[in-house]
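Have a look at the structure below, then the notes.
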Amino acid sequence: MTSIVTPITKLLNCDIPIISASMGGIAMSELASAVTASGGFGFIVSAPSKDTKLEIAKARDSLGIKPGYPIPIGVGFIGWVLDKTEITDDPRIPSVLEEKPVAVWFSFGVNLRKYIDFVRTYDAKRDHKTIIFVIVNSVEEALRAANEWKVDVLVVQGIEAGGHGGSDAPPLLTLLQAVLDALPNGPPIVAAGGISSGEQVAALLTLGAAGAVLGTRFLFTPESKYSDIKKQVLLNAGHHDTTRSMAFDEVGRTMGWPPKCDGRAVSNNIIADANANLDLEARMKKFDESAASEDTSRLVVWAGTGVGLTNKLTPAADVVNELRQGITRSLRRASTLV
């Protein structure tokens, strides 16, 4: 199989510049290890320490990595969640760093720098150095993360992304170009938001990205922890069926996100209730009643704008190989144009 060499594949020691996103409650060891084993790089999301250690142990078994050795997966952290967990008797970051993941990923917090500094201080006392990813939704955020925080990788996330992101982020192509222009000698940049095919990844590589992060595409796999019902919603979704709103979090009682942050999901009666100007109490009641009666019209199904480009469920390894083939075809075709 063809390898695709970029700064991110060199940094992560992987075969192709495909990264599976850190997705809360969805991206666990089975998905991350399958992506890594297929030549990409997989992330899980942090949970209470015991649970995260168990997931990392499962990934070790799957990848054949002995305890005590660095493991080629990453662990994602959400800043506003860390603000709550790191002041308890079960802080998440130290227990994750003990396991020596190759990378960690920070997103959506008002003060991510203190957590980045914690990782650097922890690593200063040992040989293993953790690669730090940070999501950015603007040029200003990218400049701060690169120049002040000295992060290793920027995840440039456009408005098309599923799940949570910047509510006023530009479209990915615009934001990526702007960040590349602002940081011509900056850290590797990986693109995120609405990406579902190898052809799209190839286009981003020619623009200057070092790789791509895909979330929604990997939801269409048996390894993702979405329920069968939610996967069917994804299969039925078209190109115009997602929307961004805090309404999903409001009824789901998952508020706490920082300013200028909201979530993209498949539009349904949650949005219809909000558009009908029902108050929050009424909307939560309808949401709860739907859940109790197994009514699927108010499921929260996070997904990006690329959801309509996939119409089948396939193993994660096959998805990675399909992406590899699409990237290779497109790059070879592009080379004939000049």
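In the structure tokens, each chain is lettered A, B, ... as it comes, each chain's residues begin at 1, and ligands are numbered from 1 in order of appearance.
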
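The environment of Gln232 in chain A within 12 Å, counting only C-alpha atoms and disregarding residues fewer than 4 places along the same chain, consists of A:Leu219, A:Phe220, A:Thr221, A:Tyr226, A:Ser227, A:Asp228, A:Asn236, A:Ala237, A:Val266, A:Thr296, A:Leu299, A:Val301, A:Val307, A:Thr310, A:Asn311, A:Lys312, A:Leu313.
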
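Look at Leu207 in chain A: the protein and nucleic acid residues within 10 Å of it, using only C-alpha atoms and passing over chain neighbours fewer than 3 places away, are Leu173, Leu176, Gln177, Leu180, Val201, Ala202, Ala203, Leu204 and Ala210 of chain A.
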
Find the residues near Gly39 in chain A: any atom within 7 Å, counting only C-alpha atoms, skip ones fewer than 5 places away on the same chain, and give them as a compact mmCIF listing (two decimals) with all heavy atoms, in the first residue's frame.
# COMPACT_ATOMS: atom_id res chain seq x y z
N CYS A 14 3.19 7.55 11.60
CA CYS A 14 2.12 6.78 10.99
C CYS A 14 2.29 6.79 9.47
O CYS A 14 3.16 7.48 8.93
CB CYS A 14 0.74 7.30 11.40
SG CYS A 14 0.41 9.03 10.99
N ASP A 15 1.45 6.02 8.79
CA ASP A 15 1.65 5.77 7.37
C ASP A 15 0.93 6.76 6.46
O ASP A 15 1.39 7.06 5.36
CB ASP A 15 1.17 4.35 7.06
CG ASP A 15 1.79 3.79 5.80
OD1 ASP A 15 2.98 4.05 5.55
OD2 ASP A 15 1.07 3.08 5.06
N ILE A 16 -0.22 7.23 6.90
CA ILE A 16 -0.99 8.20 6.12
C ILE A 16 -1.53 9.29 7.06
O ILE A 16 -1.72 9.04 8.25
CB ILE A 16 -2.16 7.54 5.35
CG1 ILE A 16 -3.12 6.82 6.31
CG2 ILE A 16 -1.65 6.58 4.30
CD1 ILE A 16 -4.38 6.32 5.64

When DSSP is applied to the backbone of this structure, which of range 136-200 of chain A are assigned strand (DSSP E or B)? Write them out as a PDB file with C-alpha atoms, in the first residue's frame.
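New file part11.pdb:
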ATOM      1  CA  VAL A 136      -8.574  26.377  16.844  1.00  0.00           C
ATOM      2  CA  VAL A 153      -0.111  20.458  16.185  1.00  0.00           C
ATOM      3  CA  LEU A 154      -2.948  22.829  15.291  1.00  0.00           C
ATOM      4  CA  VAL A 155      -6.329  21.317  14.472  1.00  0.00           C
ATOM      5  CA  VAL A 156      -7.945  23.953  12.253  1.00  0.00           C
ATOM      6  CA  GLN A 157     -11.670  23.278  12.533  1.00  0.00           C
ATOM      7  CA  GLY A 163     -20.190  17.878  17.264  1.00  0.00           C
ATOM      8  CA  HIS A 164     -18.896  20.977  18.991  1.00  0.00           C
ATOM      9  CA  GLY A 165     -16.896  23.818  17.519  1.00  0.00           C
ATOM     10  CA  GLY A 166     -16.714  27.552  17.068  1.00  0.00           C
ATOM     11  CA  ILE A 189      -1.670  21.976  10.724  1.00  0.00           C
ATOM     12  CA  VAL A 190      -4.367  19.350  10.323  1.00  0.00           C
ATOM     13  CA  ALA A 191      -7.747  20.248   8.878  1.00  0.00           C
ATOM     14  CA  ALA A 192     -11.118  19.306  10.363  1.00  0.00           C
TER      15      ALA A 192
END

Ile159 in chain A proximity check over A:Leu97, A:Leu172, A:Leu112, A:Leu11, using only C-alpha atoms: winner is A:Leu172

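Shortest separation to Gly79 in chain A among A:Trp257, A:Ala59, A:Ala161, A:Met284 occurs at residue A:Trp257, atoms counted being only C-alpha atoms.
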